[in-house]
file data.cif (mmCIF, C-alpha atoms and all ligand atoms)
data_coords
loop_
_atom_site.label_atom_id
_atom_site.label_comp_id
_atom_site.auth_asym_id
_atom_site.auth_seq_id
_atom_site.Cartn_x
_atom_site.Cartn_y
_atom_site.Cartn_z
CA MET A 1 -2.60 28.89 8.69
CA SER A 2 -2.49 25.57 6.85
CA LYS A 3 -0.69 22.70 8.47
CA ASP A 4 1.81 20.32 6.94
CA ILE A 5 1.88 16.58 6.32
CA LEU A 6 4.87 14.63 5.02
CA VAL A 7 4.10 11.66 2.76
CA THR A 8 6.90 9.21 1.99
CA GLY A 9 6.43 7.18 -1.19
CA GLY A 10 3.77 9.63 -2.39
CA ALA A 11 4.54 8.88 -6.03
CA GLY A 12 3.55 5.22 -5.69
CA PHE A 13 0.18 3.53 -6.00
CA ILE A 14 -1.37 4.06 -2.57
CA GLY A 15 0.70 7.18 -1.76
CA LEU A 16 -0.57 8.96 -4.86
CA ASN A 17 -4.18 8.03 -4.13
CA PHE A 18 -3.64 9.35 -0.61
CA ILE A 19 -2.27 12.67 -1.95
CA TYR A 20 -5.39 13.09 -4.10
CA TYR A 21 -7.51 12.21 -1.07
CA LEU A 22 -5.79 14.91 1.03
CA LEU A 23 -6.09 17.52 -1.72
CA LYS A 24 -9.81 16.81 -2.12
CA ASN A 25 -10.84 16.41 1.51
CA THR A 26 -8.46 18.51 3.64
CA SER A 27 -6.55 21.79 3.61
CA TYR A 28 -3.15 20.34 4.51
CA ASN A 29 0.00 21.39 2.73
CA ILE A 30 1.72 18.25 1.57
CA THR A 31 5.42 17.49 1.25
CA ILE A 32 6.15 14.33 -0.73
CA ILE A 33 9.48 12.58 -0.51
CA ASP A 34 9.99 9.83 -3.07
CA SER A 35 13.06 8.47 -4.83
CA LEU A 36 10.98 7.78 -7.97
CA THR A 37 11.75 4.10 -8.44
CA TYR A 38 10.34 2.12 -11.41
CA ALA A 39 7.10 1.72 -9.39
CA SER A 40 6.41 5.47 -9.18
CA HIS A 41 4.40 7.88 -11.32
CA PRO A 42 6.69 10.84 -12.15
CA LYS A 43 4.19 12.26 -14.67
CA GLU A 44 1.52 12.55 -11.95
CA ILE A 45 4.06 14.24 -9.68
CA PHE A 46 4.89 16.66 -12.47
CA LYS A 47 1.18 17.53 -12.72
CA LEU A 48 0.82 17.84 -8.96
CA ILE A 49 3.69 20.26 -8.37
CA SER A 50 1.77 23.10 -10.02
CA ASP A 51 -0.54 22.96 -6.96
CA SER A 52 0.66 25.45 -4.34
CA ARG A 53 -0.18 22.94 -1.57
CA ILE A 54 2.31 20.40 -2.92
CA ARG A 55 6.07 20.34 -2.38
CA PHE A 56 7.99 17.47 -3.97
CA ILE A 57 11.42 16.31 -2.85
CA LYS A 58 13.13 13.68 -4.97
CA GLY A 59 14.88 11.88 -2.19
CA ASN A 60 15.71 8.52 -0.74
CA ILE A 61 14.54 7.72 2.77
CA THR A 62 17.72 5.73 3.39
CA ASN A 63 19.75 8.91 2.86
CA ASP A 64 19.91 11.28 5.83
CA LYS A 65 20.83 14.25 3.65
CA ASP A 66 17.67 13.77 1.58
CA LEU A 67 15.56 13.39 4.70
CA GLN A 68 17.14 16.48 6.21
CA ILE A 69 15.83 18.55 3.27
CA ALA A 70 12.30 17.43 4.13
CA MET A 71 12.78 18.03 7.85
CA ASP A 72 12.71 21.83 7.72
CA ARG A 73 9.41 22.18 9.59
CA LYS A 74 7.28 20.46 12.17
CA TYR A 75 4.72 18.19 10.53
CA GLU A 76 1.29 17.37 11.91
CA GLY A 77 2.13 13.88 10.76
CA ILE A 78 4.27 11.68 8.57
CA ILE A 79 2.45 9.04 6.56
CA HIS A 80 5.06 6.46 5.70
CA PHE A 81 4.23 4.56 2.49
CA ALA A 82 7.70 4.37 0.87
CA ALA A 83 8.65 0.75 0.33
CA GLU A 84 9.70 -1.86 -2.13
CA SER A 85 6.42 -3.69 -2.46
CA HIS A 86 6.54 -6.50 -5.01
CA VAL A 87 6.82 -9.98 -3.46
CA ASP A 88 8.16 -11.64 -6.65
CA LYS A 89 11.01 -9.12 -6.87
CA SER A 90 11.90 -9.71 -3.21
CA ILE A 91 12.20 -13.44 -3.94
CA GLU A 92 14.66 -12.69 -6.77
CA ASN A 93 16.74 -10.25 -4.73
CA ALA A 94 15.84 -8.66 -1.40
CA ASP A 95 18.65 -6.04 -1.21
CA ASP A 96 16.46 -3.02 -2.00
CA PHE A 97 13.72 -4.35 0.29
CA ILE A 98 16.11 -4.51 3.21
CA GLN A 99 17.44 -1.04 2.45
CA THR A 100 14.17 0.81 1.93
CA ASN A 101 11.77 -1.12 4.14
CA ILE A 102 14.04 -1.65 7.13
CA VAL A 103 16.92 0.84 6.93
CA GLY A 104 14.73 3.60 5.46
CA THR A 105 12.17 3.21 8.24
CA TYR A 106 14.97 3.31 10.80
CA HIS A 107 16.24 6.63 9.34
CA LEU A 108 12.76 8.12 9.49
CA LEU A 109 12.38 7.05 13.11
CA GLN A 110 15.71 8.69 13.93
CA HIS A 111 14.40 11.96 12.47
CA LEU A 112 11.20 11.60 14.43
CA LEU A 113 13.31 11.42 17.58
CA LYS A 114 14.45 14.96 16.78
CA GLY A 115 10.84 16.13 16.99
CA TYR A 116 10.06 16.86 13.34
CA ALA A 117 6.54 15.45 13.49
CA LYS A 118 3.69 15.15 15.96
CA LYS A 119 3.10 11.54 14.87
CA MET A 120 3.92 8.97 12.23
CA ILE A 121 1.59 6.42 10.67
CA HIS A 122 3.59 3.43 9.48
CA ILE A 123 1.80 1.74 6.59
CA SER A 124 2.31 -1.99 6.87
CA THR A 125 0.60 -5.04 5.46
CA ASP A 126 -1.45 -8.06 6.49
CA GLU A 127 1.31 -10.16 4.89
CA VAL A 128 3.34 -9.80 8.11
CA TYR A 129 0.85 -12.24 9.73
CA GLY A 130 1.74 -15.01 7.27
CA THR A 131 -0.89 -17.35 5.91
CA LEU A 132 -4.25 -18.77 7.05
CA LYS A 133 -5.87 -22.16 6.60
CA THR A 134 -9.35 -22.19 5.10
CA ASN A 135 -11.06 -22.79 8.45
CA GLN A 136 -9.05 -20.26 10.49
CA PRO A 137 -10.56 -16.93 11.58
CA PRO A 138 -9.21 -13.74 9.94
CA PHE A 139 -6.06 -12.03 11.29
CA THR A 140 -6.64 -9.71 14.24
CA GLU A 141 -4.16 -7.20 15.63
CA GLU A 142 -3.20 -9.88 18.19
CA THR A 143 -2.24 -12.50 15.58
CA PRO A 144 1.49 -13.23 15.94
CA ILE A 145 3.74 -11.93 13.19
CA SER A 146 4.92 -14.79 10.98
CA PRO A 147 6.10 -13.56 7.54
CA ASN A 148 6.75 -16.11 4.79
CA ASN A 149 8.61 -14.18 2.06
CA PRO A 150 11.42 -11.61 2.02
CA TYR A 151 9.03 -8.70 1.31
CA SER A 152 6.78 -9.48 4.28
CA ALA A 153 9.82 -10.21 6.44
CA THR A 154 11.20 -6.72 5.77
CA LYS A 155 7.79 -5.17 6.50
CA ALA A 156 7.54 -7.19 9.72
CA SER A 157 11.05 -6.02 10.65
CA SER A 158 10.06 -2.39 10.14
CA ASP A 159 6.90 -2.95 12.22
CA LEU A 160 9.04 -4.26 15.06
CA LEU A 161 11.38 -1.28 14.79
CA VAL A 162 8.40 1.08 14.93
CA ARG A 163 6.98 -0.78 17.93
CA SER A 164 10.34 -0.62 19.70
CA TYR A 165 10.63 3.16 19.16
CA TYR A 166 7.17 3.58 20.67
CA GLU A 167 8.05 1.44 23.69
CA THR A 168 11.60 2.74 24.17
CA TYR A 169 11.32 6.44 23.33
CA LYS A 170 7.53 6.92 23.59
CA LEU A 171 7.52 8.23 20.02
CA PRO A 172 4.04 8.99 18.66
CA LEU A 173 3.63 6.04 16.30
CA ILE A 174 0.77 3.99 14.88
CA ILE A 175 1.00 0.91 12.63
CA THR A 176 -1.63 0.00 10.04
CA ARG A 177 -1.86 -3.44 8.42
CA CYS A 178 -3.90 -3.55 5.29
CA SER A 179 -5.08 -6.29 2.97
CA ASN A 180 -4.46 -6.33 -0.81
CA ASN A 181 -5.36 -3.03 -2.45
CA PHE A 182 -6.58 -2.38 -5.96
CA GLY A 183 -7.50 0.74 -7.88
CA PRO A 184 -6.05 3.55 -10.03
CA PHE A 185 -2.26 3.91 -10.37
CA GLN A 186 -1.42 0.36 -9.34
CA HIS A 187 1.72 -0.79 -11.14
CA LYS A 188 1.36 -3.18 -14.08
CA GLU A 189 3.42 -5.84 -12.29
CA LYS A 190 0.74 -6.43 -9.63
CA PHE A 191 -1.94 -9.12 -9.83
CA ILE A 192 -5.07 -7.23 -10.96
CA PRO A 193 -3.28 -4.94 -13.49
CA THR A 194 -1.39 -7.96 -14.87
CA ILE A 195 -4.70 -9.69 -15.57
CA ILE A 196 -6.15 -6.59 -17.22
CA TYR A 197 -3.16 -5.73 -19.44
CA SER A 198 -2.49 -9.35 -20.45
CA ALA A 199 -6.12 -9.76 -21.46
CA LEU A 200 -6.25 -6.43 -23.29
CA HIS A 201 -3.24 -7.61 -25.32
CA ASN A 202 -4.97 -10.99 -25.85
CA LYS A 203 -2.00 -12.60 -24.12
CA LYS A 204 -2.13 -15.51 -21.69
CA VAL A 205 -3.08 -14.51 -18.15
CA PRO A 206 -0.68 -16.24 -15.74
CA VAL A 207 -2.24 -17.88 -12.68
CA TYR A 208 0.10 -19.22 -10.00
CA GLY A 209 -0.39 -22.89 -8.97
CA ASP A 210 -4.03 -23.95 -8.80
CA GLY A 211 -5.29 -20.36 -8.50
CA MET A 212 -7.11 -21.19 -5.26
CA GLN A 213 -5.08 -18.76 -3.12
CA ILE A 214 -7.44 -16.40 -1.31
CA ARG A 215 -6.92 -12.64 -1.06
CA ASP A 216 -9.03 -10.12 0.87
CA TRP A 217 -9.37 -7.14 -1.49
CA LEU A 218 -9.76 -3.50 -0.49
CA PHE A 219 -10.40 -0.57 -2.83
CA VAL A 220 -7.59 1.95 -2.44
CA GLU A 221 -9.93 4.89 -1.77
CA ASP A 222 -11.44 3.08 1.24
CA HIS A 223 -7.88 2.42 2.42
CA CYS A 224 -7.00 6.12 2.14
CA ARG A 225 -10.06 7.10 4.21
CA ALA A 226 -9.07 4.56 6.85
CA ILE A 227 -5.51 5.91 7.02
CA PHE A 228 -6.73 9.49 7.36
CA SER A 229 -9.14 8.55 10.11
CA ILE A 230 -6.35 6.68 11.95
CA PHE A 231 -4.10 9.71 11.50
CA GLU A 232 -6.76 11.99 12.99
CA LYS A 233 -8.26 9.80 15.71
CA GLY A 234 -6.14 6.67 16.17
CA THR A 235 -4.52 5.82 19.50
CA LEU A 236 -0.73 6.14 19.60
CA GLY A 237 1.18 2.88 19.99
CA GLU A 238 -1.69 0.83 18.51
CA VAL A 239 -1.91 -1.42 15.48
CA TYR A 240 -5.00 -1.11 13.23
CA ASN A 241 -5.97 -3.77 10.71
CA ILE A 242 -7.69 -2.54 7.55
CA GLY A 243 -9.46 -5.15 5.45
CA GLY A 244 -11.94 -5.28 2.65
CA GLY A 245 -13.90 -8.34 3.76
CA ASN A 246 -13.78 -9.42 0.12
CA GLU A 247 -12.20 -12.86 0.21
CA LYS A 248 -11.77 -14.07 -3.37
CA THR A 249 -9.75 -16.86 -4.90
CA ASN A 250 -7.24 -15.63 -7.45
CA LEU A 251 -8.93 -17.76 -10.07
CA SER A 252 -12.37 -16.23 -9.45
CA THR A 253 -10.83 -12.73 -9.68
CA VAL A 254 -9.21 -13.59 -13.02
CA ARG A 255 -12.50 -14.98 -14.34
CA GLN A 256 -14.48 -11.93 -13.18
CA ILE A 257 -12.04 -9.54 -14.89
CA LEU A 258 -11.99 -11.57 -18.11
CA ASN A 259 -15.76 -11.46 -18.06
CA LEU A 260 -15.79 -7.67 -17.57
CA LEU A 261 -13.41 -7.33 -20.53
CA GLY A 262 -15.43 -9.73 -22.69
CA LYS A 263 -12.42 -12.07 -22.98
CA PRO A 264 -12.54 -15.90 -22.89
CA ASP A 265 -11.39 -18.07 -19.95
CA SER A 266 -9.11 -19.84 -22.43
CA LEU A 267 -6.62 -16.98 -21.89
CA ILE A 268 -5.90 -18.43 -18.43
CA GLU A 269 -2.54 -20.16 -18.17
CA TYR A 270 -1.55 -22.01 -15.00
CA VAL A 271 2.12 -21.41 -14.15
CA GLU A 272 4.45 -22.75 -11.48
CA ASP A 273 3.43 -21.52 -8.04
CA ARG A 274 5.35 -18.70 -6.34
CA LYS A 275 7.89 -19.91 -3.75
CA GLY A 276 6.52 -19.60 -0.20
CA HIS A 277 3.15 -18.52 -1.61
CA ASP A 278 0.74 -17.63 1.20
CA ARG A 279 -2.49 -19.57 0.74
CA ARG A 280 -5.00 -17.26 2.34
CA TYR A 281 -5.17 -13.75 3.77
CA ALA A 282 -8.23 -12.47 5.59
CA ILE A 283 -8.30 -9.51 7.89
CA ASP A 284 -10.54 -8.57 10.78
CA SER A 285 -11.14 -4.79 10.82
CA THR A 286 -13.51 -4.81 13.82
CA LYS A 287 -11.19 -2.61 15.91
CA LEU A 288 -11.05 0.10 13.24
CA GLN A 289 -14.82 -0.04 12.77
CA ARG A 290 -15.62 -0.06 16.49
CA GLU A 291 -13.11 2.56 17.66
CA LEU A 292 -12.98 4.95 14.72
CA GLY A 293 -16.28 4.26 12.95
CA TRP A 294 -14.63 3.37 9.63
CA VAL A 295 -16.85 1.62 7.11
CA GLN A 296 -16.14 0.56 3.59
CA THR A 297 -18.02 2.60 1.01
CA PHE A 298 -17.20 0.66 -2.18
CA SER A 299 -18.52 -2.79 -3.01
CA TRP A 300 -16.11 -5.24 -4.64
CA ASP A 301 -18.09 -5.40 -7.89
CA GLN A 302 -18.43 -1.63 -8.24
CA ALA A 303 -14.77 -0.93 -7.36
CA LEU A 304 -13.50 -3.66 -9.65
CA GLU A 305 -15.53 -2.27 -12.56
CA GLU A 306 -14.15 1.23 -11.88
CA THR A 307 -10.61 -0.13 -11.68
CA VAL A 308 -10.92 -2.07 -14.93
CA ALA A 309 -12.36 1.03 -16.63
CA TRP A 310 -9.46 3.16 -15.33
CA HIS A 311 -6.87 0.73 -16.71
CA ILE A 312 -8.67 0.45 -20.07
CA LYS A 313 -8.49 4.24 -20.36
CA LYS A 314 -4.74 4.20 -19.59
CA PHE A 315 -4.27 1.34 -22.04
CA LYS A 316 -5.92 3.35 -24.81
CA GLU A 317 -4.14 6.62 -23.96
CA HIS A 318 -0.64 5.22 -23.59
CA SER A 319 -0.75 1.93 -25.54
CA LEU A 320 0.38 0.14 -22.36
P1 LIG A 401 4.43 1.11 -4.65
O1 LIG A 401 5.53 0.15 -4.91
O2 LIG A 401 3.40 1.33 -5.68
O3 LIG A 401 5.04 2.55 -4.29
C1 LIG A 401 6.13 2.72 -3.45
C2 LIG A 401 6.67 4.13 -3.63
O4 LIG A 401 7.79 4.26 -2.72
C3 LIG A 401 7.19 4.43 -5.04
O5 LIG A 401 6.73 5.69 -5.47
C4 LIG A 401 8.70 4.43 -4.87
O6 LIG A 401 9.36 5.31 -5.78
C5 LIG A 401 8.86 4.89 -3.43
N1 LIG A 401 10.12 4.45 -2.85
C6 LIG A 401 10.65 3.20 -2.90
N2 LIG A 401 11.84 3.17 -2.28
C7 LIG A 401 12.05 4.43 -1.81
C8 LIG A 401 13.10 5.03 -1.06
N3 LIG A 401 14.16 4.34 -0.66
N4 LIG A 401 13.00 6.34 -0.75
C9 LIG A 401 11.92 7.07 -1.14
N5 LIG A 401 10.91 6.56 -1.84
C10 LIG A 401 10.98 5.25 -2.17
O7 LIG A 401 3.79 0.62 -3.29
P2 LIG A 401 2.26 0.70 -2.80
O8 LIG A 401 1.53 -0.48 -3.34
O9 LIG A 401 1.74 2.07 -3.04
O10 LIG A 401 2.43 0.44 -1.24
C11 LIG A 401 2.61 1.54 -0.34
C12 LIG A 401 2.76 0.98 1.05
O11 LIG A 401 1.60 0.23 1.41
C13 LIG A 401 3.94 0.03 1.20
O12 LIG A 401 4.57 0.28 2.43
C14 LIG A 401 3.32 -1.36 1.19
O13 LIG A 401 4.07 -2.27 1.94
C15 LIG A 401 1.97 -1.06 1.84
N6 LIG A 401 0.87 -1.96 1.44
C16 LIG A 401 0.55 -2.12 0.12
C17 LIG A 401 -0.52 -2.94 -0.21
C18 LIG A 401 -0.93 -3.12 -1.65
O14 LIG A 401 -1.82 -3.94 -1.91
N7 LIG A 401 -0.37 -2.38 -2.60
C19 LIG A 401 -1.25 -3.61 0.77
C20 LIG A 401 -0.88 -3.42 2.11
C21 LIG A 401 0.16 -2.58 2.42
#

call {"tool": "encode", "arguments": {"input": "data.cif", "output": "structure tokens", "more": "lines below"}}
Ligand code: NAD
result
Amino acid sequence: MSKDILVTGGAGFIGLNFIYYLLKNTSYNITIIDSLTYASHPKEIFKLISDSRIRFIKGNITNDKDLQIAMDRKYEGIIHFAAESHVDKSIENADDFIQTNIVGTYHLLQHLLKGYAKKMIHISTDEVYGTLKTNQPPFTEETPISPNNPYSATKASSDLLVRSYYETYKLPLIITRCSNNFGPFQHKEKFIPTIIYSALHNKKVPVYGDGMQIRDWLFVEDHCRAIFSIFEKGTLGEVYNIGGGNEKTNLSTVRQILNLLGKPDSLIEYVEDRKGHDRRYAIDSTKLQRELGWVQTFSWDQALEETVAWHIKKFKEHSL
């Protein structure tokens, strides 16, 4: 008999990629709970529900009644992606971030206490570690948490809640902290899609500050494989970093994408830097590689080309 997995936030960027990963590579039945915020992909969900392995619940993880609908069986695991995820929005107003990222995670943990799942993988971010100077080594799982913006502060808060439920109640929990993802289904508001769509419209491409902020990019499919391997073989109570080892300045990423699109560098427009902008992220994934044998399969250049091609296709299909 097939077993069940619950995916929160399965209509978002990484959640949706993870659903497709599960459908392709496993035989799990999948329940998705997602409140379908502006960041979600309802049309993809509509396509997916014709698959007998998919059950979709439109529900909010901060609402116990919605969660109760999902908790009608014992899951092999809950993969918890649901979050408000855009740093700029959190700087404007953090209300929804506090509700979903902290309160929502708390509600899920309370349901886990009732025994609805054998384990939960809490998807967090390298942003909880704060920022690095150029000469500092990448974040390890031992790096102290030091978030610098409301988004990362709410993620760090949820990490601490998860940790406390492991320590206090011995709940079967694992935390993952991943670097910046890119790939299909990423929302237009995020850095790489913003570059692509601005350039396709021949509009100025905004670059914060001097553009020398460094991000460590990971292709979403490699992230999904890492999460699944942590779900299957990870040690409960542990934190696993997942990084791409692709440290790039924002400016070099913009230039590379403009080049792929055949657009001139003159589209670049420097704008006022983001408040509390972290200068550099870099993540050390040695633990994941050593303990679980995870390796990246996509190179930066290849994955970026695929991502740009995917967005061009969407741009042409939907006049985005
Ligand atoms: P996303 O914003 O694209 O998707 C989030 C999904 O969660 C959406 O479908 C949304 O409708 C849903 N959601 C939001 N609030 C909800 C609520 N209260 N109840 C139910 N569903 C709700 O985010 P993403 O980029 O796919 O990120 C997924 C997870 O991965 C997040 O926890 C994020 O912090 C983490 N993460 C993302 C990145 C990245 O680069 N995108 C990197 C590291 C970690």

call {"tool": "residues_near_ligand", "arguments": {"input": "data.cif", "ligand": "ligand LIG 401 (chain A)", "cutoff": "8 Å", "atoms": "all atoms listed in the file", "output": "PyMOL selection string"}}
result
chain A and resi 8-16+33-41+58-62+80-86+96+99-101+104+122-127+155+177-182+185-187

call {"tool": "residues_around", "arguments": {"input": "data.cif", "residues": "stretch 259-273 of chain A", "least_positions_apart": "2", "cutoff": "6 Å", "atoms": "only C-alpha atoms", "output": "ChimeraX atom specification"}}
result
/A:204-209,256-257

call {"tool": "residues_near_point", "arguments": {"input": "data.cif", "point": "(-19.5, 4.3, 1.9)", "cutoff": "12 Å", "atoms": "all atoms listed in the file", "output": "MDAnalysis selection string"}}
result
chainID A and resid 219 221:223 225:226 293:299 302:303

call {"tool": "residues_around", "arguments": {"input": "data.cif", "residues": "stretch 160-176 of chain A", "least_positions_apart": "6", "cutoff": "8 Å", "atoms": "only C-alpha atoms", "output": "tab-separated table (two decimals) with C-alpha atoms, in the frame of the given file"}}
result
chain	number	residue	atom	x	y	z
A	105	THR	CA	12.17	3.21	8.24
A	106	TYR	CA	14.97	3.31	10.80
A	109	LEU	CA	12.38	7.05	13.11
A	112	LEU	CA	11.20	11.60	14.43
A	113	LEU	CA	13.31	11.42	17.58
A	118	LYS	CA	3.69	15.15	15.96
A	119	LYS	CA	3.10	11.54	14.87
A	120	MET	CA	3.92	8.97	12.23
A	121	ILE	CA	1.59	6.42	10.67
A	122	HIS	CA	3.59	3.43	9.48
A	123	ILE	CA	1.80	1.74	6.59
A	124	SER	CA	2.31	-1.99	6.87
A	125	THR	CA	0.60	-5.04	5.46
A	227	ILE	CA	-5.51	5.91	7.02
A	234	GLY	CA	-6.14	6.67	16.17
A	235	THR	CA	-4.52	5.82	19.50
A	236	LEU	CA	-0.73	6.14	19.60
A	237	GLY	CA	1.18	2.88	19.99
A	238	GLU	CA	-1.69	0.83	18.51
A	239	VAL	CA	-1.91	-1.42	15.48
A	240	TYR	CA	-5.00	-1.11	13.23
A	241	ASN	CA	-5.97	-3.77	10.71
A	242	ILE	CA	-7.69	-2.54	7.55

call {"tool": "closest_residue", "arguments": {"input": "data.cif", "among": "A:Leu251, A:His107, A:Ala153, A:Val128", "to": "A:Asp210", "atoms": "all atoms listed in the file"}}
result
A:Leu251

call {"tool": "atom_distance", "arguments": {"input": "data.cif", "atom1": "atom CA of A:His318", "atom2": "atom CA of A:Leu23"}}
result
25.7 Å

call {"tool": "atom_distance", "arguments": {"input": "data.cif", "atom1": "atom CA of A:Lys248", "atom2": "atom CA of A:Arg280"}}
result
9.4 Å

call {"tool": "atom_distance", "arguments": {"input": "data.cif", "atom1": "atom CA of A:Gln289", "atom2": "atom CA of A:Thr154"}}
result
27.8 Å

call {"tool": "build_atoms", "arguments": {"input": "data.cif", "residues": "stretch 233-248 of chain A", "atoms": "N, CA and C atoms", "output": "CSV table (one decimal), keeping the file's coordinate frame"}}
result
chain,number,residue,atom,x,y,z
A,233,LYS,N,-7.6,10.2,14.5
A,233,LYS,CA,-8.3,9.8,15.7
A,233,LYS,C,-7.7,8.5,16.3
A,234,GLY,N,-6.7,7.9,15.7
A,234,GLY,CA,-6.1,6.7,16.2
A,234,GLY,C,-5.4,6.9,17.5
A,235,THR,N,-5.3,5.8,18.2
A,235,THR,CA,-4.5,5.8,19.5
A,235,THR,C,-3.1,5.5,19.3
A,236,LEU,N,-2.2,6.3,19.8
A,236,LEU,CA,-0.7,6.1,19.6
A,236,LEU,C,-0.3,4.8,20.2
A,237,GLY,N,0.7,4.2,19.5
A,237,GLY,CA,1.2,2.9,20.0
A,237,GLY,C,0.4,1.7,19.6
A,238,GLU,N,-0.8,1.9,18.9
A,238,GLU,CA,-1.7,0.8,18.5
A,238,GLU,C,-1.4,0.3,17.1
A,239,VAL,N,-1.9,-0.9,16.8
A,239,VAL,CA,-1.9,-1.4,15.5
A,239,VAL,C,-3.4,-1.4,15.0
A,240,TYR,N,-3.6,-1.0,13.8
A,240,TYR,CA,-5.0,-1.1,13.2
A,240,TYR,C,-5.0,-1.9,12.0
A,241,ASN,N,-5.8,-3.0,11.9
A,241,ASN,CA,-6.0,-3.8,10.7
A,241,ASN,C,-7.0,-3.1,9.8
A,242,ILE,N,-6.7,-3.1,8.5
A,242,ILE,CA,-7.7,-2.5,7.6
A,242,ILE,C,-7.9,-3.6,6.5
A,243,GLY,N,-9.2,-4.1,6.4
A,243,GLY,CA,-9.5,-5.2,5.4
A,243,GLY,C,-10.7,-4.9,4.7
A,244,GLY,N,-10.8,-5.5,3.5
A,244,GLY,CA,-11.9,-5.3,2.6
A,244,GLY,C,-13.1,-6.2,2.9
A,245,GLY,N,-12.8,-7.3,3.6
A,245,GLY,CA,-13.9,-8.3,3.8
A,245,GLY,C,-14.3,-9.0,2.4
A,246,ASN,N,-13.5,-8.9,1.4
A,246,ASN,CA,-13.8,-9.4,0.1
A,246,ASN,C,-12.8,-10.6,-0.2
A,247,GLU,N,-13.1,-11.7,0.4
A,247,GLU,CA,-12.2,-12.9,0.2
A,247,GLU,C,-12.5,-13.5,-1.1
A,248,LYS,N,-11.6,-13.5,-2.0
A,248,LYS,CA,-11.8,-14.1,-3.4
A,248,LYS,C,-10.6,-15.0,-3.7
